Amino acid sequence: MTDVTKEQVLETLKAVRGPDLEHDIVELGMVSDVFISDGKVYFSITVPADRARELEPMRLAAERVIKEMPGVKGALVTLTADKKAVAAAPAARPATNPPHGHAGHDHQHDHAGHAHAPQQPPRAGKIGVPGIGAIIAVASGKGGVGKSTTAVNLALGLLANGLRVGILDADIYGPSMPRLLKISGRPTQIDGRIINPMENYGLKVMSMGFLVDEETAMIWRGPMVQSALLQMLREVAWGELDVLVVDMPPGTGDAQLTMAQQVPLAGAVIVSTPQDLALIDARKGLNMFRKVEVPVLGIVENMSYFIAPDTGTRYDIFGHGGARKEAERIGVPFLGEVPLTMNIRETSDAGTPLVASEPNGVVAGIYRGIAAKVWEQVAGQSQRPAPTIVFE
């Protein structure tokens, strides 16, 4: 089988007409960088933000012609909204969002009697994900603070507290959910487009790690990151979930801005370690979410202290209480202290997170407590419109 090239993909896409119906999407400069891995083709099409819904058939046409190419195993194509994109396109008419969710109702109950939060309406200018009640981002200002481990155990804590939960691994460059949740293999597709999420420990999971080999270097620019992230969010058969936890990559880059710009986030949880250097970076994450008017649900102090397993002596290796003081200083909730223990590291490496493997343990109780505080805010918060970011 001959490998497909970027040139062949672009040549094929010339058969797809642009929104002006006179020029193709390649000629109009609407196609992002094309990435090809293991026979799968990934790219995005940049369109005016207020025409995204109207131009969905164009995206489908592009996806279809690429999937029909010899040697192509699949295609991930999405629309990238840009208010200044495609100068050749005629003036756009306002798009209206159809009603979505169950706004205005109190907590609902399923047939088993479990309480579930009503689906919240998407904020102005943002498209929600059908079936998902709330989306929570777990973020950090820097790497190495245990954010992904915290995200997994937070999701499992929400699940243990009686909610229907999924987790999306938004770290395109370094996906960790397959290893943390001990999931291998490739997801299946429905009608060649919608992806079935993977599942373990009762969590529905999606990650780029399921779509490409673990050792594949993801050398993508911003539009490709945005494309892949939105496709994993909106073209996955999540079903009915009370909450989707999104494990962000560290920092304040493309993935965070994409989520803030195009997804109706219920809020963000910031993970930090106690020392000053980590807190400086955590402030960057806090400030980013505040600037885009995404509620900060609180701060978790990870690796807060260490208790020697042989003597029981407590050591504040990274200092202690820095995140609590920072939360008090800026007026956001402090969600809890997670100790540095061998069990957390060992269970993370083994893909058996503590909340699932030792549900009655002390640390599992801490995570469940953090989950309860997070959900209390999400369930009780009033939804307010958030602005759409426009990149100049």
# chains A, B, ... in the order shown; residues from 1 in each chain; ligands from 1
>>> residues_around(residues="Glu235 of chain A", least_positions_apart="6", cutoff="9 Å", atoms="only C-alpha atoms", output="list in words")
Arg193, Ile194, Ile195 and Asn196 of chain A
>>> write_last_selection(atoms="N, CA and C atoms", output="PDB file, in the first residue's frame")
ATOM      1  N   ARG A 193     -17.482   7.872  11.443  1.00  0.00           N
ATOM      2  CA  ARG A 193     -17.241   9.254  11.862  1.00  0.00           C
ATOM      3  C   ARG A 193     -17.211   9.409  13.380  1.00  0.00           C
ATOM      4  N   ILE A 194     -18.307   9.066  14.051  1.00  0.00           N
ATOM      5  CA  ILE A 194     -18.377   9.228  15.495  1.00  0.00           C
ATOM      6  C   ILE A 194     -17.538   8.138  16.166  1.00  0.00           C
ATOM      7  N   ILE A 195     -16.721   8.534  17.132  1.00  0.00           N
ATOM      8  CA  ILE A 195     -15.823   7.609  17.815  1.00  0.00           C
ATOM      9  C   ILE A 195     -16.458   7.146  19.126  1.00  0.00           C
ATOM     10  N   ASN A 196     -16.385   5.856  19.384  1.00  0.00           N
ATOM     11  CA  ASN A 196     -16.804   5.327  20.680  1.00  0.00           C
ATOM     12  C   ASN A 196     -15.676   5.549  21.681  1.00  0.00           C
TER      13      ASN A 196
END
>>> residues_around(residues="Val338 of chain A", least_positions_apart="5", cutoff="7 Å", atoms="only C-alpha atoms", output="PyMOL selection string")
chain A and resi 301-304+366
>>> atom_distance(atom1="atom CA of Gly321 of chain A", atom2="atom CA of Pro295 of chain A")
22.5 Å
>>> closest_residue(among="A:Ala350, A:Leu168, A:Val145, A:Ala308", to="Met259 of chain A", atoms="only C-alpha atoms")
A:Leu168
>>> residues_around(residues="Ser348 of chain A", least_positions_apart="2", cutoff="12 Å", atoms="only C-alpha atoms", output="ChimeraX atom specification")
/A:146-153,176-182,341-346,350-357
>>> write_last_selection(atoms="N, CA, C and O atoms", output="mmCIF file, in the first residue's frame")
data_model
loop_
_atom_site.group_PDB
_atom_site.id
_atom_site.type_symbol
_atom_site.label_atom_id
_atom_site.label_comp_id
_atom_site.auth_asym_id
_atom_site.auth_seq_id
_atom_site.Cartn_x
_atom_site.Cartn_y
_atom_site.Cartn_z
ATOM 1 N N GLY A 146 1.756 16.831 38.971
ATOM 2 C CA GLY A 146 0.788 15.765 39.204
ATOM 3 C C GLY A 146 -0.612 16.092 38.747
ATOM 4 O O GLY A 146 -1.596 15.548 39.273
ATOM 5 N N LYS A 147 -0.721 16.954 37.730
ATOM 6 C CA LYS A 147 -2.043 17.381 37.255
ATOM 7 C C LYS A 147 -2.863 16.230 36.699
ATOM 8 O O LYS A 147 -4.050 16.095 37.018
ATOM 9 N N SER A 148 -2.253 15.386 35.846
ATOM 10 C CA SER A 148 -3.006 14.296 35.224
ATOM 11 C C SER A 148 -3.459 13.272 36.257
ATOM 12 O O SER A 148 -4.585 12.767 36.203
ATOM 13 N N THR A 149 -2.592 12.968 37.217
ATOM 14 C CA THR A 149 -2.975 12.058 38.305
ATOM 15 C C THR A 149 -4.119 12.650 39.104
ATOM 16 O O THR A 149 -5.069 11.944 39.476
ATOM 17 N N THR A 150 -4.059 13.955 39.349
ATOM 18 C CA THR A 150 -5.146 14.623 40.066
ATOM 19 C C THR A 150 -6.431 14.575 39.253
ATOM 20 O O THR A 150 -7.518 14.318 39.791
ATOM 21 N N ALA A 151 -6.335 14.812 37.934
ATOM 22 C CA ALA A 151 -7.520 14.802 37.076
ATOM 23 C C ALA A 151 -8.197 13.432 37.090
ATOM 24 O O ALA A 151 -9.428 13.326 37.185
ATOM 25 N N VAL A 152 -7.398 12.366 36.990
ATOM 26 C CA VAL A 152 -7.953 11.006 36.993
ATOM 27 C C VAL A 152 -8.653 10.710 38.303
ATOM 28 O O VAL A 152 -9.789 10.208 38.338
ATOM 29 N N ASN A 153 -7.996 11.013 39.409
ATOM 30 C CA ASN A 153 -8.598 10.699 40.709
ATOM 31 C C ASN A 153 -9.759 11.622 41.041
ATOM 32 O O ASN A 153 -10.694 11.219 41.738
ATOM 33 N N SER A 176 -1.543 11.030 28.516
ATOM 34 C CA SER A 176 -1.180 10.107 29.594
ATOM 35 C C SER A 176 -2.324 9.218 30.049
ATOM 36 O O SER A 176 -2.109 8.276 30.817
ATOM 37 N N MET A 177 -3.561 9.482 29.590
ATOM 38 C CA MET A 177 -4.699 8.706 30.078
ATOM 39 C C MET A 177 -4.621 7.201 29.750
ATOM 40 O O MET A 177 -5.031 6.384 30.568
ATOM 41 N N PRO A 178 -4.122 6.812 28.562
ATOM 42 C CA PRO A 178 -4.036 5.361 28.319
ATOM 43 C C PRO A 178 -3.231 4.630 29.390
ATOM 44 O O PRO A 178 -3.625 3.556 29.845
ATOM 45 N N ARG A 179 -2.123 5.237 29.822
ATOM 46 C CA ARG A 179 -1.290 4.594 30.838
ATOM 47 C C ARG A 179 -1.907 4.719 32.226
ATOM 48 O O ARG A 179 -1.930 3.763 33.003
ATOM 49 N N LEU A 180 -2.410 5.920 32.565
ATOM 50 C CA LEU A 180 -2.959 6.133 33.904
ATOM 51 C C LEU A 180 -4.188 5.278 34.169
ATOM 52 O O LEU A 180 -4.463 4.917 35.326
ATOM 53 N N LEU A 181 -4.951 4.969 33.118
ATOM 54 C CA LEU A 181 -6.174 4.184 33.288
ATOM 55 C C LEU A 181 -6.045 2.769 32.726
ATOM 56 O O LEU A 181 -7.028 2.044 32.631
ATOM 57 N N LYS A 182 -4.822 2.405 32.339
ATOM 58 C CA LYS A 182 -4.516 1.042 31.888
ATOM 59 C C LYS A 182 -5.459 0.608 30.766
ATOM 60 O O LYS A 182 -6.121 -0.422 30.816
ATOM 61 N N THR A 341 2.734 10.376 48.326
ATOM 62 C CA THR A 341 2.862 9.019 48.849
ATOM 63 C C THR A 341 3.363 8.081 47.762
ATOM 64 O O THR A 341 3.179 8.324 46.570
ATOM 65 N N MET A 342 3.997 7.013 48.200
ATOM 66 C CA MET A 342 4.458 6.002 47.249
ATOM 67 C C MET A 342 3.280 5.364 46.534
ATOM 68 O O MET A 342 3.371 5.016 45.357
ATOM 69 N N ASN A 343 2.161 5.218 47.239
ATOM 70 C CA ASN A 343 0.986 4.568 46.642
ATOM 71 C C ASN A 343 0.461 5.335 45.437
ATOM 72 O O ASN A 343 0.049 4.742 44.436
ATOM 73 N N ILE A 344 0.446 6.666 45.528
ATOM 74 C CA ILE A 344 -0.049 7.459 44.408
ATOM 75 C C ILE A 344 0.829 7.230 43.184
ATOM 76 O O ILE A 344 0.340 7.022 42.070
ATOM 77 N N ARG A 345 2.148 7.268 43.385
ATOM 78 C CA ARG A 345 3.056 7.061 42.249
ATOM 79 C C ARG A 345 2.922 5.652 41.688
ATOM 80 O O ARG A 345 2.805 5.464 40.475
ATOM 81 N N GLU A 346 2.916 4.666 42.572
ATOM 82 C CA GLU A 346 2.879 3.273 42.106
ATOM 83 C C GLU A 346 1.569 2.954 41.386
ATOM 84 O O GLU A 346 1.572 2.289 40.348
ATOM 85 N N ALA A 350 0.992 2.026 37.422
ATOM 86 C CA ALA A 350 0.380 0.729 37.118
ATOM 87 C C ALA A 350 -0.974 0.853 36.436
ATOM 88 O O ALA A 350 -1.546 -0.136 35.983
ATOM 89 N N GLY A 351 -1.507 2.075 36.344
ATOM 90 C CA GLY A 351 -2.822 2.257 35.745
ATOM 91 C C GLY A 351 -3.965 1.826 36.644
ATOM 92 O O GLY A 351 -5.030 1.447 36.162
ATOM 93 N N THR A 352 -3.732 1.886 37.958
ATOM 94 C CA THR A 352 -4.769 1.515 38.931
ATOM 95 C C THR A 352 -4.939 2.657 39.934
ATOM 96 O O THR A 352 -4.494 2.568 41.070
ATOM 97 N N PRO A 353 -5.560 3.764 39.535
ATOM 98 C CA PRO A 353 -5.650 4.959 40.391
ATOM 99 C C PRO A 353 -6.210 4.640 41.771
ATOM 100 O O PRO A 353 -7.079 3.776 41.930
ATOM 101 N N LEU A 354 -5.717 5.377 42.769
ATOM 102 C CA LEU A 354 -6.042 5.071 44.161
ATOM 103 C C LEU A 354 -7.532 5.082 44.469
ATOM 104 O O LEU A 354 -8.014 4.258 45.237
ATOM 105 N N VAL A 355 -8.272 6.020 43.885
ATOM 106 C CA VAL A 355 -9.704 6.089 44.209
ATOM 107 C C VAL A 355 -10.418 4.819 43.758
ATOM 108 O O VAL A 355 -11.405 4.401 44.371
ATOM 109 N N ALA A 356 -9.893 4.174 42.694
ATOM 110 C CA ALA A 356 -10.483 2.919 42.217
ATOM 111 C C ALA A 356 -9.895 1.713 42.922
ATOM 112 O O ALA A 356 -10.616 0.773 43.261
ATOM 113 N N SER A 357 -8.578 1.717 43.157
ATOM 114 C CA SER A 357 -7.920 0.524 43.707
ATOM 115 C C SER A 357 -7.976 0.448 45.223
ATOM 116 O O SER A 357 -7.965 -0.641 45.797
#
>>> residues_around(residues="segment 370-375 of chain A", least_positions_apart="4", cutoff="7 Å", atoms="only C-alpha atoms", output="ChimeraX atom specification")
/A:154,157-158,297,335-336,366,379
>>> select_by_dssp(residues="segment 50-84 of chain A", states="strand (DSSP E or B)", output="PyMOL selection string")
chain A and resi 74-81
